[in-house]
Amino acid sequence: MSDKQKTIKKSISLTGRGLHSGIDVKITFNPAPEDHGFKFVRTDLDGSPVIDALAENVVDTSRGTTLEQNGVRIATIEHVMAAFTGLEIDNALIEIKGPEAPIMGGSSKMFVDAILEAGILEQDKVRDYFIIPEKIIFSDEENGVDLMVYPDDHLSYNILIDYNSKTLGNQYAILNNISDFSEEISMCRTFVFFHELEALAKQGLIKGGDLDNAIVIMDRVVDQTEVDRVADLFNKPHIEVNSEGILNNIELRFPNEPARHKLLDIMGDLALVGQPIIGKVVATRPGHHANTELAKKIRQEIKKTKLKKQVPVYDPTQAPVYDINQIKKMLPHRYPFLLVDKIIYLDDHSIVGLKNLTFNEAFFQGHFPEEPVMPGVLQVEAMAQVGGVLVLDQVEDPENYSTYFLKIDKLKFKRKVVPGDTIIFKMTMTQPIRRGIVAMFGQAFVADKLVMEGEITASVVKNRV
């Protein structure tokens with residue numbers, strides 16, 4: 001793909017109510033330079049703090065997607081993000097005077113119209129697509145949720161929703177060409193089941209909700225008195241239920257409008273990947289939590305892809321960061337299980353260490369006598385020990401802590417490791433350490449050849465005295 005990045009030609013503003021806060025909000029779309037991406041600015045707060053529209057900043061997905069950065073939040077951003085990504089725009093600065101984006105009819109249509117009114121500007125730099133290299137999955141078996149993105153030659157979406165509702169039934173929505181977003185998806189509104197309304201109200205949510213910006217679905221028989229009571233709860237006029245199970249003041253724009261809205265939502269949430277993707281998105285019962293978890297997985301894959309291009313260089317004339325005696329003070333392992341000889345690079349989130357192999361290694365005597373090969377399990381152990389140094393270097397008394405495997409995933413062996421090789425291990429944290437759990441992506445090289453790679457999750461535990 002060789003098309004150029006895009007932004008908007010001029011600033012444009014809209015005003016509306018926040019769906020959950022009920023607060024009147026002004027939102028302004030501004031042009032932004034190349035490689036800027038999407039950033040939100042809370043203009044109602046001192047200093048106008050900025051929040052990057054990235055998946056790792058997602059902190060709440062209960063009834064919309066909420067971002068937080070440096071203690072500052074912005075909520076219900078998915079319809080705004082869908083408008084920009086649906087129009088294939090890459091860069092914008094989005095100012096919001098309030099805690100959440102305005103609901104604006106419950107879809108992306110008004111945002112799309114505003115962007116088109118402002119005009120779209122092609123920039124000089126080529127778009128940086130991430131081409132999905134292999135299937136990426138997020139599943140929640142308990143709730144019947146499955147989201148997958150497959151390698152493909154263009155971006156497309158296939159959505160299935162099933163809420164065990166006679167009114168909705170099974171609904172499908174497909175978007176094969178992103179250019180069809182404006183006419184096929186952007187105007188599809190959010191929906192809610194009637195039985196959810198009272199609970200949402202009691203939680204202090206949907207204060208800005210209105211029967212003009214949401215489809216209210218009657219999934220069971222409801223007495224008119226109950227409908228009237230809920231209308232009173234929201235200070236709305238009394239209405240009637242129509243025979244099709246949808247409140248009578250609204251008509252569907254498409255027979256499968258709810259499924260199309262779920263497609264809109266997943267487009268907005270996957271925009272938090274931070275760059276356009278090429279792949280086939282297939283989703284069963286998607287929701288904001290699942291969508292943003294898939295976005296996080298894609299971002300992790302992007303990081304790993306970039307890391308794969310960076311082969312560490314070993315210069316034996318340079319003094320190591322840690323020699324074997326220093327390593328022994330940090331790791332509890334001893335002969336024949338200490339499998340790290342040097343640490344040659346170390347920063348806050350990555351490390352490079354090495355192991356020199358000779359035929360005198362005990363494991364070569366039996367693996368295999370006529371064709372000595374370093375066992376794969378010991379390569380993984382050596383890589384994990386290097387990662388252990390990275391983690392323990394960040395505590396004041398590393399001799400009092402140990403790291404233990406929790407999970408090994410996507411492990412691949414590319415080449416044999418034999419006597420005479422110097423195997424170089426590179427470990428990088430893929431997310432910050434939380435509650436003693438660390439996730440790392442590791443690679444092993446001999447010279448400039450990748451011999452092994454995989455993901456390791458470990459627990460950092462204080463030793464018992």
# chains A, B, ... in the order shown; residues from 1 in each chain; ligands from 1
$ residues_around --residues "Val380 in chain A" --least-positions-apart "6" --cutoff "12 Å" --atoms "only C-alpha atoms" --output "VMD selection string"
chain A and resid 339 to 340 374 386 to 387 405 407 to 409 411 to 413 423 425 to 427 441 to 444 451 to 456
$ write_last_selection --atoms "C-alpha atoms" --output "compact mmCIF listing (two decimals), in the first residue's frame"
# COMPACT_ATOMS: atom_id res chain seq x y z
CA LEU A 339 23.04 -20.57 31.74
CA VAL A 340 24.06 -16.90 31.45
CA MET A 374 21.44 -27.65 22.85
CA VAL A 386 18.38 -13.25 31.16
CA GLY A 387 14.86 -11.89 31.66
CA PHE A 405 7.52 -19.17 34.98
CA LYS A 407 3.34 -19.12 30.94
CA ILE A 408 5.31 -19.71 27.75
CA ASP A 409 3.51 -18.86 24.52
CA LEU A 411 7.50 -20.45 21.17
CA LYS A 412 9.32 -21.14 17.89
CA PHE A 413 12.69 -22.79 17.22
CA ILE A 423 23.88 -17.65 21.79
CA PHE A 425 19.39 -13.50 24.17
CA LYS A 426 17.34 -10.33 23.87
CA MET A 427 14.39 -9.83 26.23
CA PHE A 441 9.12 -11.12 24.43
CA GLY A 442 12.39 -12.94 23.94
CA GLN A 443 14.63 -13.82 21.03
CA ALA A 444 17.81 -15.86 20.73
CA VAL A 451 17.36 -19.38 16.40
CA MET A 452 14.44 -19.12 18.83
CA GLU A 453 11.71 -16.70 19.97
CA GLY A 454 8.69 -16.68 22.23
CA GLU A 455 6.64 -14.92 24.89
CA ILE A 456 7.28 -15.50 28.58
$ residues_around --residues "Leu346 in chain A" --least-positions-apart "3" --cutoff "10 Å" --atoms "only C-alpha atoms" --output "VMD selection string"
chain A and resid 320 to 322 343 349 to 353 389 to 390 393 426 to 427
$ write_last_selection --atoms "N, CA and C atoms" --output "short mmCIF file (atom, residue, chain, number, x, y, z; two decimals), in the first residue's frame"
data_model
loop_
_atom_site.label_atom_id
_atom_site.label_comp_id
_atom_site.auth_asym_id
_atom_site.auth_seq_id
_atom_site.Cartn_x
_atom_site.Cartn_y
_atom_site.Cartn_z
N PRO A 320 31.43 -6.00 29.92
CA PRO A 320 30.01 -6.32 30.08
C PRO A 320 29.34 -5.42 31.12
N VAL A 321 28.04 -5.34 31.07
CA VAL A 321 27.27 -4.64 32.11
C VAL A 321 27.39 -5.43 33.41
N TYR A 322 27.18 -6.76 33.31
CA TYR A 322 27.38 -7.66 34.45
C TYR A 322 28.21 -8.85 33.98
N ILE A 343 25.97 -10.15 30.76
CA ILE A 343 24.93 -9.21 30.33
C ILE A 343 25.66 -8.07 29.62
N HIS A 349 13.64 -1.49 30.26
CA HIS A 349 12.65 -2.43 29.73
C HIS A 349 13.23 -3.50 28.81
N SER A 350 14.55 -3.52 28.62
CA SER A 350 15.13 -4.54 27.75
C SER A 350 16.53 -4.92 28.23
N ILE A 351 16.98 -6.09 27.78
CA ILE A 351 18.26 -6.63 28.23
C ILE A 351 18.81 -7.54 27.14
N VAL A 352 20.14 -7.61 27.04
CA VAL A 352 20.80 -8.56 26.15
C VAL A 352 21.86 -9.31 26.96
N GLY A 353 21.78 -10.62 26.92
CA GLY A 353 22.76 -11.46 27.61
C GLY A 353 23.21 -12.58 26.69
N VAL A 389 17.31 -11.38 35.18
CA VAL A 389 18.25 -10.31 35.53
C VAL A 389 17.61 -8.95 35.26
N LEU A 390 16.90 -8.83 34.14
CA LEU A 390 16.22 -7.56 33.82
C LEU A 390 15.26 -7.18 34.93
N ASP A 393 17.05 -6.57 38.45
CA ASP A 393 17.85 -5.34 38.47
C ASP A 393 17.04 -4.15 38.95
N LYS A 426 17.89 -11.68 23.71
CA LYS A 426 17.34 -10.33 23.87
C LYS A 426 15.93 -10.46 24.44
N MET A 427 15.70 -9.80 25.57
CA MET A 427 14.39 -9.83 26.23
C MET A 427 13.86 -8.41 26.36
#
$ select_by_dssp --residues "range 250-451 of chain A" --states "strand (DSSP E or B)" --output "NGL selection string"
:A and (277-278 or 280-284 or 322 or 342-346 or 350-356 or 401-413 or 422-434 or 437-446 or 449-451)
$ residues_around --residues "range 97-101 of chain A" --least-positions-apart "6" --cutoff "9 Å" --atoms "only C-alpha atoms" --output "VMD selection string"
chain A and resid 16 to 21 23 to 28 41 to 45 66 73 to 80
$ residues_around --residues "range 287-292 of chain A" --least-positions-apart "6" --cutoff "10 Å" --atoms "only C-alpha atoms" --output "NGL selection string"
:A and (54-66 or 78 or 138-140 or 145-148 or 161 or 262-263 or 265-273 or 298)
$ atom_distance --atom1 "CA of Asp52 in chain A" --atom2 "CA of Asp90 in chain A"
13.3 Å
$ residues_around --residues "range 116-126 of chain A" --least-positions-apart "6" --cutoff "12 Å" --atoms "only C-alpha atoms" --output "PyMOL selection string"
chain A and resi 1-14+28-36+83-84+86-92+109-110+182+275-276
$ atom_distance --atom1 "CA of Gly420 in chain A" --atom2 "CA of Leu357 in chain A"
5.4 Å
$ residues_around --residues "Asp341 in chain A" --least-positions-apart "4" --cutoff "7 Å" --atoms "only C-alpha atoms" --output "list of chain:residue names"
A:Asp323, A:Ile324, A:Leu354, A:Lys355, A:Asn356
$ residues_around --residues "Asp315 in chain A" --least-positions-apart "2" --cutoff "12 Å" --atoms "only C-alpha atoms" --output "PDB file with C-alpha atoms, in the first residue's frame"
ATOM      1  CA  PRO A 312      21.811  -7.235  18.945  1.00  0.00           C
ATOM      2  CA  VAL A 313      25.513  -6.795  18.227  1.00  0.00           C
ATOM      3  CA  THR A 317      36.191  -6.062  23.390  1.00  0.00           C
ATOM      4  CA  GLN A 318      33.607  -4.084  25.380  1.00  0.00           C
ATOM      5  CA  ALA A 319      33.271  -4.570  29.141  1.00  0.00           C
ATOM      6  CA  PRO A 320      30.007  -6.318  30.083  1.00  0.00           C
ATOM      7  CA  LYS A 342      27.402 -12.064  30.501  1.00  0.00           C
ATOM      8  CA  ILE A 343      24.934  -9.211  30.329  1.00  0.00           C
ATOM      9  CA  ILE A 344      26.046  -6.855  27.569  1.00  0.00           C
ATOM     10  CA  TYR A 345      23.127  -4.398  27.468  1.00  0.00           C
ATOM     11  CA  LEU A 354      24.752 -14.356  26.230  1.00  0.00           C
ATOM     12  CA  THR A 422      27.612 -17.985  21.262  1.00  0.00           C
ATOM     13  CA  ILE A 424      22.697 -14.069  22.386  1.00  0.00           C
ATOM     14  CA  ALA A 447      25.549 -14.340  14.956  1.00  0.00           C
TER      15      ALA A 447
END
$ closest_residue --among "A:Arg334, A:His261, A:Arg464, A:Lys449" --to "Ile215 in chain A" --atoms "only C-alpha atoms"
A:His261
$ atom_distance --atom1 "CA of Ile217 in chain A" --atom2 "CA of Glu257 in chain A"
11.9 Å
$ select_by_dssp --residues "range 331-433 of chain A" --states "alpha helix (DSSP H)" --output "list in words"
Gly376, Val377, Leu378, Gln379, Val380, Glu381, Ala382, Met383, Ala384, Gln385, Val386, Gly387, Gly388, Val389, Leu390, Val391 and Leu392 of chain A
